[in-house]
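Enquirer: Quick one: this structure, given as structure tokens, is what I'll be asking you about.
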Amino acid sequence: MNATPVVQHHLAQNASGNIKELSTSAIYNLLSPCIVPAHSPRARFSNWSRTFHCSPLIVFEPSNLEQCRLIFQLAQREHRTVRIVGEGLSPSDLACTSDFMLRTTRMNKLRVVDPEKQFVVCDGGIRLEDLERELATHQLALRNLGSISMQAMGGVITTATHGTGIEFKVLGDDVLSLSLLLADGTLVYCSRYENEDLFKATLCGLGSTGLVVSVQIRVEPAFRLRESQETRPFDEILDNLDDIVHQAQHVRLWWYPQNKSVRVCSADRTVEPERPESSSKSSITTFLTHHLVELFLFLARFWPLLAYYIARYVAWMESAPKVVVGESGSILRADCRFAQHTTEWAIPYEHAKACLLHLREWLETEPYSPNGTYPNFPIELRFSAPDDIWLSPAFGRRTCWIGIIQFKPYGLPVRYQELFRRFEVIMTSFEGRPHWAKPHHLGPSQLHKLYPHFDDFVRVVERVDPMGMLRNENVRRHIFGERGPATDPRVFKLHKAPYNPALSP
């Protein structure tokens with residue numbers, strides 16, 4: 001479907017006047033309504049899990065395309081980079097910058113709804129949860145969702161955010177077309193039929209190709225899901241993994257290695273009436289598996305062995321079979337419990353069994369190794385179909401996504417880096433590709449081997465942004481291989497360790 005004209009019809013085409021003729025002071029005056037005051041808490045940035053922090057030179061919150069053009073022009077004149085940020089959900093330093101930050105939170109409208117052709121057009125800054133609410137009023141829904149819906153649409157599609165379902169691709173695959181503001185202030189349209197290379201580079205482009213102004217995305221009639229949950233032994237899951245993954249449209253596995261068990265969550269579309277979990281049961285469970293657990297996790301900072309028993313306790317608390325029927329979003333989303341450090345890798349689905357066996361062996365010895373850590377719970381497994389998005393971790397292959405976490409009880413620091421590094425070594429040994437929004441240590445030499453179109457991506461980025469205005473420290477480190485204290489992620493940590501070149505990509 002070539003829907004580009006639909007998007008064009010609803011967007012301004014040209015900047016009013018020639019902003020290049022404006023003085024720098026005039027640009028600052030025009031931007032004053034969208035400059036966050038330096039004394040405001042919004043002038044500083046922390047990601048959702050409060051694992052990375054930065055104080056940008058200026059934070060802009062534009063509400064229209066013209067202000068965005070002015071910001072880009074100002075950055076060019078002052079030789080600054082611009083980091084485009086939505087809701088700041090990425091658990092890494094992907095959103096951090098020491099230069100200009102452009103927050104898209106005020107560019108958050110649903111522009112077009114076409115139930116007959118089953119697509120909508122929305123701003124890149126709209127939060128998924130707000131979009132879901134508006135779609136519901138039209139009896140429409142997104143086809144799939146990730147674990148949370150607090151992200152901005154632009155962040156979702158430029159990091160290959162995914163849900164689960166072996167027949168479902170990453171969320172960005174449902175995008176039909178984009179309007180993109182390039183570094184030079186040009187507004188361009190791209191789709192699989194027009195500017196295809198820019199389109200495939202922008203989907204999972206880490207915000208380095210331009211500002212996603214508008215997104216045209218597929219939707220479908222609103223639907224309910226029937227989810228069944230049961231706990232089964234790990235060995236049984238391993239023996240029947242392929243059958244389990246294919247037993248429903250959306251299958252998610254929560255693995256508790258400490259208990260040698262796996263929580264299997266299987267969801268299918270249904271016409272059954274809603275059957276929510278009992279509110280009284282839910283409130284009791286919330287206390288026992290949330291508030292009490294967070295206290296235990298706090299104590300485990302002093303008595304690490306306690307983490308092992310906490311995991312067994314939660315696995316036991318959540319072991320009863322359960323069936324819930326609800327609107328799609330309520331089933332597809334997941335409870336992230338607490339602030340956390342997390343990393344996730346995508347391996348070829350065919351390697352899943354062997355990888356899980358290797359992980360089990362490692363996890364049984366990890367707490368007793370030098371600098372070992374008792375891992376938190378659970379390990380999440382999700383599945384997706386192959387796609388053709390250049391930097392998508394699921395490019396060209398069926399994928400098993402494996403993610404681990406270390407909770408931060410009450411937001412306090414915990415040990416995680418050595419645990420994640422050892423996990424990363426195992427994942428890379430199984431051809432793992434990192435989730436772009438989450439921490440990893442790969443640089444261009446490794447990424448070039450993992451992504452057939454990595455060089456094509458770099459060429460597009462260099463063509464549309466030759467001065468590197470849209471490349472923050474994270475992009476320069478991982479995509480362009482810059483090393484040194486200026487691009488090291490520790491620069492955005494509150495508790496900084498000394499810079500160590502051996503730990504850079």
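Identifiers in this document derive from the order of the structure tokens: chains are assigned A, B, ..., residues are numbered from 1 separately in each chain, and ligands are numbered from 1 in order of occurrence.
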Extract, using only C-alpha atoms, all DNA, RNA and protein residues at most 12 Å from region 361-366 of chain A, discarding same-chain residues fewer than 3 positions from it, and format them as number ranges by chain.
Expert: A: 255-260, 308, 354-358, 369-377, 379, 404, 418-423, 425-427
Enquirer: Could you pull out the strand (DSSP E or B) residues of region 79-159 of chain A from DSSP and send them as number ranges by chain?
Expert: A: 82-85, 100-103, 110-114, 119-123, 127, 140-141, 152
Enquirer: Using only C-alpha atoms, which of the listed residues (A:Asp488, A:Glu220, A:Glu431, A:Asp387) sits closest to Val170 (chain A)?
Expert: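 The answer is A:Asp387, which sits nearest to Val170 (chain A).
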Enquirer: Considering only C-alpha atoms, return as a PyMOL selection string whatever protein or nucleic-acid residues lie within 7 Å of Ile126 (chain A), sequence-local ones (same chain, fewer than 5 positions apart) excluded.
Expert: chain A and resi 105+107-109+131+152-153
Enquirer: Give me, as a CSV table (one decimal) with C-alpha atoms, in the first residue's frame, all polymer residues having an atom no more than 6 Å from Ser228 (chain A), counting only C-alpha atoms and skipping those fewer than 5 positions away in the same chain.
Expert:
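Heads up, here's the output in result-v9.csv:
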chain,number,residue,atom,x,y,z
A,265,CYS,CA,1.6,-17.4,29.2
A,266,SER,CA,-0.4,-18.2,26.1
A,322,LYS,CA,-4.9,-18.8,35.7
A,323,VAL,CA,-7.2,-17.7,32.8
Enquirer: Name the residues in contact with His250 (chain A) at a cut-off of 10 Å, using only C-alpha atoms, excluding same-chain residues fewer than 3 positions from it; report them as a VMD selection string.
Expert: chain A and resid 144 163 to 168 225 227 245 to 247 265 to 269 331 to 332 382 to 384
Enquirer: Which residue gives the smallest distance to Lys353 (chain A) among A:Ala437, A:Leu30, A:Ile237, A:Ala315, with only C-alpha atoms counted?
Expert: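 Checking each of A:Ala437, A:Leu30, A:Ile237, A:Ala315 against Lys353 (chain A), counting only C-alpha atoms, the winner is A:Ile237.
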Enquirer: Near Ala141 (chain A), counting only C-alpha atoms, which residues have an atom at most 12 Å away, once you skip same-chain residues fewer than 3 positions from it, shown as number ranges by chain?
Expert: A: 113, 115, 118-120, 128-138, 144-145, 217-224, 327-330, 332
Enquirer: Give the answer as one residue: which of A:Leu198, A:Leu211, A:Cys204, A:Ala352 has the shortest atom-to-atom distance to Arg69 (chain A), using only C-alpha atoms?
Expert: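 Using only C-alpha atoms, Arg69 (chain A) sits closest to A:Leu211.
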Enquirer: Tell me, as a PyMOL selection string, which residues lie within 12 Å of Phe454 (chain A), counting only C-alpha atoms; anything in the same chain fewer than 3 positions away does not count.
Expert: chain A and resi 200-201+204-205+389-393+395+443-451+457-461+478-480
Enquirer: If DSSP is run on the backbone, what residues of region 321-500 of chain A are alpha helix (DSSP H)? A reply as a PyMOL selection string would be ideal.
Expert: chain A and resi 328-332+352-365+417-429+444-450+454-464+473-478
Enquirer: Measuring between only C-alpha atoms, which one of A:Val215, A:Cys96, A:Leu442, A:Ile244 shows the shortest distance to Arg50 (chain A)?
Expert: A:Cys96
